[in-house]
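As stored in run-v8.cif (mmCIF, C-alpha atoms):
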```cif
data_entry
#
loop_
_atom_site.label_atom_id
_atom_site.label_comp_id
_atom_site.auth_asym_id
_atom_site.auth_seq_id
_atom_site.Cartn_x
_atom_site.Cartn_y
_atom_site.Cartn_z
CA MET A 181 7.26 12.65 9.44
CA ALA A 182 10.91 12.85 8.36
CA LYS A 183 11.78 12.89 4.68
CA ASP A 184 14.56 10.35 5.08
CA PHE A 185 14.30 6.88 6.56
CA HIS A 186 16.52 6.54 9.59
CA PRO A 187 14.77 5.49 12.82
CA GLU A 188 18.01 5.20 14.80
CA LYS A 189 19.13 8.71 13.95
CA TYR A 190 15.83 10.25 14.96
CA GLU A 191 15.60 8.12 18.07
CA HIS A 192 18.96 9.56 19.12
CA VAL A 193 17.78 13.11 18.43
CA LEU A 194 14.60 12.51 20.40
CA ARG A 195 16.51 11.10 23.38
CA ILE A 196 18.54 14.30 23.56
CA MET A 197 15.42 16.45 23.15
CA ILE A 198 13.70 14.57 25.97
CA SER A 199 16.68 14.96 28.31
CA GLU A 200 16.83 18.67 27.55
CA TYR A 201 13.12 19.10 28.22
CA GLN A 202 13.27 17.11 31.45
CA ASN A 203 16.18 19.26 32.59
CA SER A 204 14.80 22.67 31.60
CA GLY A 205 11.04 22.17 31.63
CA SER A 206 10.88 24.40 28.56
CA PRO A 207 9.97 23.39 24.98
CA VAL A 208 12.44 26.04 23.81
CA SER A 209 15.30 23.66 24.69
CA MET A 210 13.83 21.04 22.36
CA MET A 211 13.46 23.59 19.59
CA GLN A 212 17.13 24.47 20.01
CA CYS A 213 18.07 20.80 19.46
CA TYR A 214 15.95 20.75 16.32
CA LEU A 215 17.52 23.93 14.98
CA ASP A 216 21.02 22.62 15.73
CA ILE A 217 20.34 19.47 13.72
CA ILE A 218 18.95 21.48 10.80
CA THR A 219 21.65 24.17 10.71
CA LYS A 220 24.75 22.42 12.06
CA GLY A 221 24.04 18.76 11.41
CA SER A 222 24.52 17.89 15.08
CA THR A 223 23.09 18.53 18.51
CA LYS A 224 24.45 18.03 22.01
CA SER A 225 22.85 17.31 25.37
CA THR A 226 23.74 19.78 28.12
CA VAL A 227 22.78 17.12 30.65
CA ASP A 228 25.13 14.23 29.85
CA GLU A 229 27.20 15.53 26.91
CA ASP A 230 25.53 13.05 24.53
CA ILE A 231 26.15 14.13 20.94
CA CYS A 232 24.12 13.26 17.85
CA ASN A 233 25.93 13.92 14.58
CA VAL A 234 23.96 13.14 11.42
CA LYS A 235 27.22 12.27 9.63
CA ASP A 236 27.52 9.23 11.87
CA TYR A 237 24.38 7.74 10.35
CA SER A 238 24.05 6.42 6.81
CA VAL A 239 20.80 5.64 5.02
CA SER A 240 22.21 2.31 3.80
CA ASP A 241 22.79 1.26 7.40
CA ALA A 242 19.17 2.13 8.18
CA TYR A 243 17.94 0.07 5.24
CA LEU A 244 20.05 -2.92 6.25
CA HIS A 245 19.50 -2.63 9.99
CA TYR A 246 17.63 -5.96 10.15
CA SER A 247 18.45 -9.10 8.17
CA ILE A 248 16.27 -10.12 5.22
CA LYS A 249 17.39 -13.68 5.94
CA ASP A 250 15.41 -13.62 9.20
CA ALA A 251 12.27 -12.58 7.31
CA ILE A 252 12.70 -15.27 4.65
CA LYS A 253 13.22 -17.96 7.30
CA LYS A 254 9.75 -17.22 8.68
CA PHE A 255 7.92 -18.07 5.45
CA GLY A 256 10.43 -20.09 3.43
CA LEU A 257 9.38 -20.62 -0.18
CA GLU A 258 6.15 -18.69 0.42
CA THR A 259 8.24 -15.52 0.72
CA ILE A 260 7.93 -15.42 -3.07
CA ILE A 261 4.32 -14.28 -2.62
CA ILE A 262 5.44 -11.24 -0.62
CA TYR A 263 8.30 -10.58 -3.07
CA THR A 264 5.93 -10.71 -6.05
CA ALA A 265 3.35 -8.48 -4.37
CA ILE A 266 5.89 -5.79 -3.54
CA LEU A 267 7.56 -6.06 -6.95
CA LEU A 268 4.20 -5.62 -8.70
CA LYS A 269 3.32 -2.70 -6.40
CA LYS A 270 0.41 -4.44 -4.75
CA LYS A 271 -1.23 -3.55 -1.45
CA VAL A 272 0.28 -5.64 1.33
CA ILE A 273 -0.99 -5.75 4.90
CA VAL A 274 0.95 -7.44 7.70
CA TYR A 275 -0.65 -8.36 11.01
CA HIS A 276 0.90 -9.14 14.38
CA SER A 277 -0.46 -8.38 17.84
CA LYS A 278 2.98 -7.25 19.04
CA GLN A 279 4.13 -3.92 17.64
CA GLU A 280 7.85 -4.64 17.95
CA GLU A 281 7.60 -7.94 16.05
CA LEU A 282 5.49 -6.25 13.40
CA GLN A 283 7.78 -3.28 12.80
CA THR A 284 10.96 -5.37 12.75
CA PHE A 285 9.51 -7.60 10.04
CA LEU A 286 8.00 -4.72 8.05
CA ARG A 287 11.28 -2.87 7.98
CA THR A 288 13.02 -5.69 6.11
CA LEU A 289 10.45 -6.14 3.34
CA PRO A 290 11.59 -3.33 0.99
CA LEU A 291 14.94 -5.16 0.87
CA LEU A 292 13.20 -7.65 -1.43
CA VAL A 293 13.05 -4.90 -4.08
CA TRP A 294 16.38 -3.26 -3.31
CA HIS A 295 16.63 -1.62 -6.75
CA ARG A 296 13.88 0.83 -5.78
CA HIS A 297 15.38 1.96 -2.45
CA ASN A 298 11.89 2.93 -1.38
CA TRP A 299 10.98 2.77 2.29
CA ASP A 300 8.22 5.35 1.79
CA ILE A 301 5.84 2.48 1.06
CA LEU A 302 6.03 1.43 4.73
CA LEU A 303 3.10 2.39 6.95
CA PRO A 304 4.16 0.57 10.11
CA ASN A 305 1.30 1.34 12.49
CA VAL A 306 -2.20 1.76 11.07
CA ASP A 307 -5.46 1.57 13.03
CA LEU A 308 -8.89 0.64 11.75
CA ASN A 309 -10.38 4.07 12.23
CA GLU A 310 -12.00 6.08 9.47
CA ASN A 311 -9.34 8.77 9.15
CA GLU A 312 -6.40 6.36 8.96
CA ILE A 313 -8.20 4.03 6.55
CA ASN A 314 -9.06 6.97 4.29
CA ASP A 315 -5.41 8.02 4.34
CA LEU A 316 -4.38 4.45 3.55
CA LYS A 317 -6.66 4.31 0.54
CA THR A 318 -5.01 7.36 -0.99
CA ASN A 319 -1.85 5.30 -1.50
CA GLY A 320 -1.58 3.37 -4.74
CA HIS A 321 0.45 0.63 -3.08
CA TYR A 322 1.89 0.08 0.36
CA ILE A 323 3.11 -2.29 3.05
CA ALA A 324 0.94 -1.51 6.05
CA GLY A 325 1.19 -2.91 9.57
CA PHE A 326 -1.78 -3.62 11.83
CA THR A 327 -2.07 -4.97 15.36
CA ASP A 328 -5.86 -5.39 15.04
CA PRO A 329 -6.76 -8.89 13.75
CA ALA A 330 -10.04 -7.55 12.34
CA VAL A 331 -8.10 -6.12 9.40
CA GLU A 332 -8.02 -9.60 7.85
CA ASN A 333 -11.71 -9.16 7.03
CA ARG A 334 -11.02 -5.89 5.19
CA MET A 335 -10.19 -7.44 1.82
CA ASP A 336 -10.81 -4.06 0.20
CA LEU A 337 -7.58 -2.86 1.82
CA TYR A 338 -5.18 -5.53 0.58
CA ASP A 339 -4.09 -7.74 -2.27
CA VAL A 340 -1.92 -9.87 -0.02
CA PHE A 341 -2.47 -10.39 3.71
CA VAL A 342 0.47 -11.59 5.81
CA ASN A 343 -0.45 -13.00 9.21
CA LEU A 344 2.97 -12.77 10.78
CA GLN A 345 1.72 -14.19 14.06
CA ALA A 346 0.28 -17.36 12.48
CA LEU A 347 2.89 -17.45 9.68
CA GLU A 348 0.18 -17.53 7.00
CA ILE A 349 -0.12 -15.63 3.73
CA THR A 350 -3.43 -15.03 1.95
CA THR A 351 -3.94 -13.62 -1.53
CA ALA A 352 -7.22 -11.75 -1.96
CA SER A 353 -9.57 -13.19 -4.57
CA HIS A 354 -9.41 -10.04 -6.70
CA ALA A 355 -5.60 -10.31 -6.92
CA LYS A 356 -5.23 -14.04 -7.61
CA GLU A 357 -4.89 -13.73 -11.40
CA SER A 358 -2.08 -11.17 -11.30
CA MET A 359 -0.40 -13.13 -8.50
CA THR A 360 -0.42 -16.52 -10.26
CA MET A 361 2.87 -18.30 -9.67
CA GLY A 362 4.86 -20.19 -12.30
CA LYS A 363 8.24 -21.80 -12.91
CA LEU A 364 9.99 -18.44 -12.84
CA HIS A 365 8.67 -17.73 -9.35
CA LYS A 366 9.77 -21.15 -8.16
CA GLU A 367 13.34 -20.49 -9.33
CA ILE A 368 13.45 -17.15 -7.52
CA ALA A 369 11.92 -18.67 -4.37
CA LEU A 370 14.49 -21.48 -4.32
CA ASN A 371 17.28 -18.94 -4.76
CA MET A 372 16.03 -16.91 -1.79
CA VAL A 373 15.78 -19.95 0.47
CA GLN A 374 19.21 -21.21 -0.59
CA CYS A 375 20.73 -17.83 0.26
CA THR A 376 19.04 -17.94 3.63
CA ASP A 377 20.20 -21.48 4.42
CA ASN A 378 23.80 -20.76 3.38
CA ASP A 379 25.74 -19.57 6.42
CA ASP A 380 28.51 -18.29 4.15
CA ILE A 381 26.13 -15.71 2.69
CA GLY A 382 25.66 -12.74 5.01
CA PRO A 383 22.56 -10.52 5.16
CA LYS A 384 23.99 -7.90 2.78
CA GLN A 385 25.06 -10.55 0.29
CA ALA A 386 21.59 -12.12 0.47
CA VAL A 387 20.04 -8.77 -0.48
CA LYS A 388 22.50 -8.53 -3.37
CA GLU A 389 21.67 -12.04 -4.59
CA ILE A 390 17.94 -11.31 -4.60
CA SER A 391 18.55 -7.95 -6.26
CA ASN A 392 20.62 -9.61 -8.99
CA LYS A 393 17.72 -11.95 -9.77
CA THR A 394 15.40 -8.97 -10.01
CA LYS A 395 17.83 -7.14 -12.28
CA GLU A 396 17.95 -10.18 -14.57
CA LEU A 397 14.18 -10.01 -14.87
CA LEU A 398 14.21 -6.29 -15.63
CA ASN A 399 17.09 -6.60 -18.11
CA ASN A 400 15.22 -9.32 -20.00
CA LEU A 401 12.13 -7.12 -20.12
CA HIS A 402 14.12 -4.18 -21.44
CA LYS A 403 15.58 -6.39 -24.18
CA LEU A 404 12.04 -7.11 -25.39
CA ALA A 405 11.01 -3.46 -25.22
CA THR A 406 11.33 -0.84 -27.92
CA VAL A 407 12.65 2.66 -27.30
CA GLY A 408 10.38 5.49 -28.35
CA ASP A 409 11.24 8.96 -29.63
CA ASP A 410 11.21 10.16 -26.03
CA GLY A 411 14.00 7.71 -25.19
CA LYS A 412 11.76 5.64 -22.91
CA ALA A 413 11.37 1.88 -23.17
CA ARG A 414 7.94 0.56 -24.11
CA LEU A 415 6.69 -3.03 -23.98
CA SER A 416 3.37 -4.25 -25.37
CA LEU A 417 1.39 -7.36 -24.44
CA GLU A 418 1.57 -8.44 -28.08
CA THR A 419 5.37 -8.46 -27.92
CA LEU A 420 5.25 -10.66 -24.84
CA LYS A 421 2.78 -13.04 -26.49
CA GLU A 422 5.18 -13.48 -29.40
CA GLN A 423 7.69 -14.99 -26.98
CA LYS A 424 5.21 -17.80 -26.18
CA PHE A 425 5.93 -17.75 -22.47
CA PRO A 426 3.74 -19.87 -20.17
CA HIS A 427 0.63 -17.89 -19.25
CA ALA A 428 1.71 -17.34 -15.63
CA THR A 429 5.11 -16.01 -16.75
CA GLU A 430 3.60 -13.79 -19.44
CA ASN A 431 1.09 -12.36 -16.97
CA PHE A 432 3.77 -11.74 -14.36
CA LEU A 433 6.18 -10.06 -16.79
CA TYR A 434 3.47 -7.80 -18.19
CA ASN A 435 2.41 -6.71 -14.70
CA LEU A 436 6.06 -6.17 -13.77
CA ALA A 437 6.57 -3.98 -16.84
CA ALA A 438 3.49 -2.01 -15.81
CA ALA A 439 4.84 -1.61 -12.26
CA GLU A 440 8.16 -0.40 -13.65
CA GLY A 441 6.36 2.09 -15.89
CA PHE A 442 7.17 0.93 -19.39
CA VAL A 443 4.02 -0.83 -20.59
CA GLN A 444 2.75 0.25 -23.98
CA LEU A 445 -1.03 0.51 -23.84
#
```

Encoded form using structure tokens:
Amino acid sequence: MAKDFHPEKYEHVLRIMISEYQNSGSPVSMMQCYLDIITKGSTKSTVDEDICNVKDYSVSDAYLHYSIKDAIKKFGLETIIIYTAILLKKKVIVYHSKQEELQTFLRTLPLLVWHRHNWDILLPNVDLNENEINDLKTNGHYIAGFTDPAVENRMDLYDVFVNLQALEITTASHAKESMTMGKLHKEIALNMVQCTDNDDIGPKQAVKEISNKTKELLNNLHKLATVGDDGKARLSLETLKEQKFPHATENFLYNLAAAEGFVQL
């Protein structure tokens, strides 16, 4: 429920709150920890002197806690499907029967679109009950985790389904056109795999390399766009057609421009 993404920080806070409650038996002690964090930026256990200081935790560290290279190694060149889906703001569902495996993998996926710094799209633990599915459907796009294999049959919930346990990726029939792969995708996929296979490139550098490729795409799109009176870039399908790109590339770039919010209708 926190506004910022930092599991380790909140895990530390919760450990202290639990120790205080176990020691005192009163929820007031937990509330005091909460108030200390809000007002002072730190809280301290009276049981074992454990201290949680929010200044010791950075959001960047939380984002980079797990290596994107480990995620890419699982799917190799097919990682491009996940990259494209997230970049185009599609609905992605990931399945694994083990919660820990699922959440570790999910947490790395927004690294593929580092320029957005958006971990709010993660819904790491969703069940197939009516209330949670209704909540899920209110999101325009997401990366949602399920431990129930029956979710694979719910094609209305996803554009891309990632079976992490079987290491298989499925694109829903209704999303195949917008997810058509071309030469451009192959180049990006090869770059990702090469970064992963190169031991001289660390996890942070791998994220940077992928991000640079994405920035090249976006810069090229902006060069084709026109700037309106409101100062915002606009790109029309007609302008893209004039470039005579292969159909798959044209389709991808147009959908990317739409995802980035500068398509001219």

(request) Might you spell out which residues the PyMOL selection byres ((chain A and resi 326-335) around 7) would select in the displayed file, as number ranges by chain? (result) A: 274-279, 305-307, 324-325, 336-338, 341, 352

(message) With only C-alpha atoms as the counted atoms, please give the residues lying no more than 12 Å from Glu348 of chain A, apart from itself and same-chain residues fewer than 3 positions off, as a list in words.
(response) Lys254, Phe255, Gly256, Glu258, Thr259, Ile261, Ile262, Val274, Tyr275, His276, Glu332, Val340, Phe341, Val342, Asn343, Leu344, Gln345 and Thr351 of chain A

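Run against this file, the PyMOL selection byres ((chain A and resi 228-242) around 7) gives back Phe185, His186, Lys189, His192, Val193, Gly221, Ser222, Thr223, Lys224, Ser225, Thr226, Val227, Tyr243, Leu244 and His245 of chain A.
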
(request) Choose the residue, out of A:Cys375, A:Ala386, A:Phe442, A:His402, that has the smallest atom-to-atom separation from Leu257 of chain A; count all atoms listed in the file. (result) A:Cys375

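With distances taken over all atoms listed in the file, A:Leu267 is the one residue among A:Leu289, A:Leu267, A:Leu404, A:Ala413 lying closest to Ala439 of chain A.
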
Segment 275-286 of chain A rebuilt with all heavy atoms, output as a CSV table (one decimal), in the coordinates of the input:
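Ended up saving to part17.csv:
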```csv
chain,number,residue,atom,x,y,z
A,275,TYR,N,-0.1,-8.4,9.7
A,275,TYR,CA,-0.6,-8.4,11.0
A,275,TYR,C,0.2,-9.1,12.0
A,275,TYR,O,0.7,-10.2,11.8
A,275,TYR,CB,-2.0,-9.0,11.0
A,275,TYR,CG,-2.5,-9.4,12.4
A,275,TYR,CD1,-2.9,-8.5,13.3
A,275,TYR,CD2,-2.4,-10.8,12.8
A,275,TYR,CE1,-3.3,-8.8,14.6
A,275,TYR,CE2,-2.7,-11.1,14.1
A,275,TYR,CZ,-3.2,-10.2,15.0
A,275,TYR,OH,-3.5,-10.5,16.3
A,276,HIS,N,0.4,-8.5,13.2
A,276,HIS,CA,0.9,-9.1,14.4
A,276,HIS,C,0.4,-8.4,15.6
A,276,HIS,O,0.3,-7.1,15.5
A,276,HIS,CB,2.4,-9.2,14.4
A,276,HIS,CG,3.0,-10.2,15.3
A,276,HIS,ND1,2.9,-10.1,16.7
A,276,HIS,CD2,3.7,-11.4,15.1
A,276,HIS,CE1,3.5,-11.1,17.2
A,276,HIS,NE2,4.0,-11.9,16.3
A,277,SER,N,0.1,-9.1,16.6
A,277,SER,CA,-0.5,-8.4,17.8
A,277,SER,C,0.6,-7.6,18.6
A,277,SER,O,0.3,-6.6,19.3
A,277,SER,CB,-1.1,-9.4,18.8
A,277,SER,OG,-0.1,-10.3,19.2
A,278,LYS,N,1.9,-7.9,18.4
A,278,LYS,CA,3.0,-7.2,19.0
A,278,LYS,C,3.6,-6.2,18.1
A,278,LYS,O,4.1,-6.6,17.0
A,278,LYS,CB,4.0,-8.2,19.5
A,278,LYS,CG,3.5,-9.2,20.6
A,278,LYS,CD,4.6,-10.1,21.1
A,278,LYS,CE,4.0,-11.1,22.2
A,278,LYS,NZ,5.1,-12.0,22.7
A,279,GLN,N,3.6,-5.0,18.5
A,279,GLN,CA,4.1,-3.9,17.6
A,279,GLN,C,5.6,-4.1,17.3
A,279,GLN,O,6.0,-3.9,16.1
A,279,GLN,CB,3.9,-2.6,18.4
A,279,GLN,CG,4.2,-1.4,17.5
A,279,GLN,CD,3.2,-1.2,16.4
A,279,GLN,OE1,3.6,-1.4,15.2
A,279,GLN,NE2,2.0,-0.9,16.7
A,280,GLU,N,6.4,-4.5,18.2
A,280,GLU,CA,7.8,-4.6,18.0
A,280,GLU,C,8.1,-5.7,16.9
A,280,GLU,O,8.9,-5.5,16.0
A,280,GLU,CB,8.6,-5.0,19.2
A,280,GLU,CG,10.1,-5.0,19.1
A,280,GLU,CD,10.9,-5.2,20.3
A,280,GLU,OE1,10.2,-5.3,21.4
A,280,GLU,OE2,12.1,-5.3,20.3
A,281,GLU,N,7.4,-6.9,17.0
A,281,GLU,CA,7.6,-7.9,16.0
A,281,GLU,C,7.2,-7.5,14.7
A,281,GLU,O,7.8,-7.7,13.7
A,281,GLU,CB,6.7,-9.1,16.5
A,281,GLU,CG,7.2,-9.8,17.7
A,281,GLU,CD,8.4,-10.8,17.5
A,281,GLU,OE1,8.6,-11.1,16.3
A,281,GLU,OE2,9.1,-11.1,18.5
A,282,LEU,N,6.1,-6.8,14.6
A,282,LEU,CA,5.5,-6.2,13.4
A,282,LEU,C,6.4,-5.3,12.7
A,282,LEU,O,6.7,-5.5,11.5
A,282,LEU,CB,4.2,-5.5,13.7
A,282,LEU,CG,3.4,-4.9,12.5
A,282,LEU,CD1,3.0,-6.0,11.5
A,282,LEU,CD2,2.2,-4.1,13.0
A,283,GLN,N,7.0,-4.3,13.4
A,283,GLN,CA,7.8,-3.3,12.8
A,283,GLN,C,9.1,-3.8,12.4
A,283,GLN,O,9.7,-3.4,11.4
A,283,GLN,CB,7.9,-2.1,13.7
A,283,GLN,CG,6.6,-1.4,14.0
A,283,GLN,CD,6.8,0.0,14.6
A,283,GLN,OE1,7.9,0.5,14.8
A,283,GLN,NE2,5.6,0.6,15.0
A,284,THR,N,9.7,-4.8,13.1
A,284,THR,CA,11.0,-5.4,12.8
A,284,THR,C,10.8,-6.1,11.4
A,284,THR,O,11.7,-5.9,10.5
A,284,THR,CB,11.5,-6.4,13.8
A,284,THR,OG1,11.7,-5.7,15.1
A,284,THR,CG2,12.7,-7.0,13.4
A,285,PHE,N,9.7,-6.9,11.3
A,285,PHE,CA,9.5,-7.6,10.0
A,285,PHE,C,9.2,-6.6,8.9
A,285,PHE,O,9.8,-6.8,7.8
A,285,PHE,CB,8.3,-8.6,10.2
A,285,PHE,CG,8.0,-9.4,9.0
A,285,PHE,CD1,8.8,-10.5,8.7
A,285,PHE,CD2,6.9,-9.1,8.2
A,285,PHE,CE1,8.5,-11.2,7.6
A,285,PHE,CE2,6.6,-9.8,7.1
A,285,PHE,CZ,7.4,-10.9,6.8
A,286,LEU,N,8.4,-5.7,9.1
A,286,LEU,CA,8.0,-4.7,8.0
A,286,LEU,C,9.2,-4.0,7.5
A,286,LEU,O,9.4,-3.8,6.3
A,286,LEU,CB,7.0,-3.7,8.6
A,286,LEU,CG,5.6,-4.0,8.8
A,286,LEU,CD1,4.9,-2.9,9.5
A,286,LEU,CD2,4.9,-4.3,7.4
```
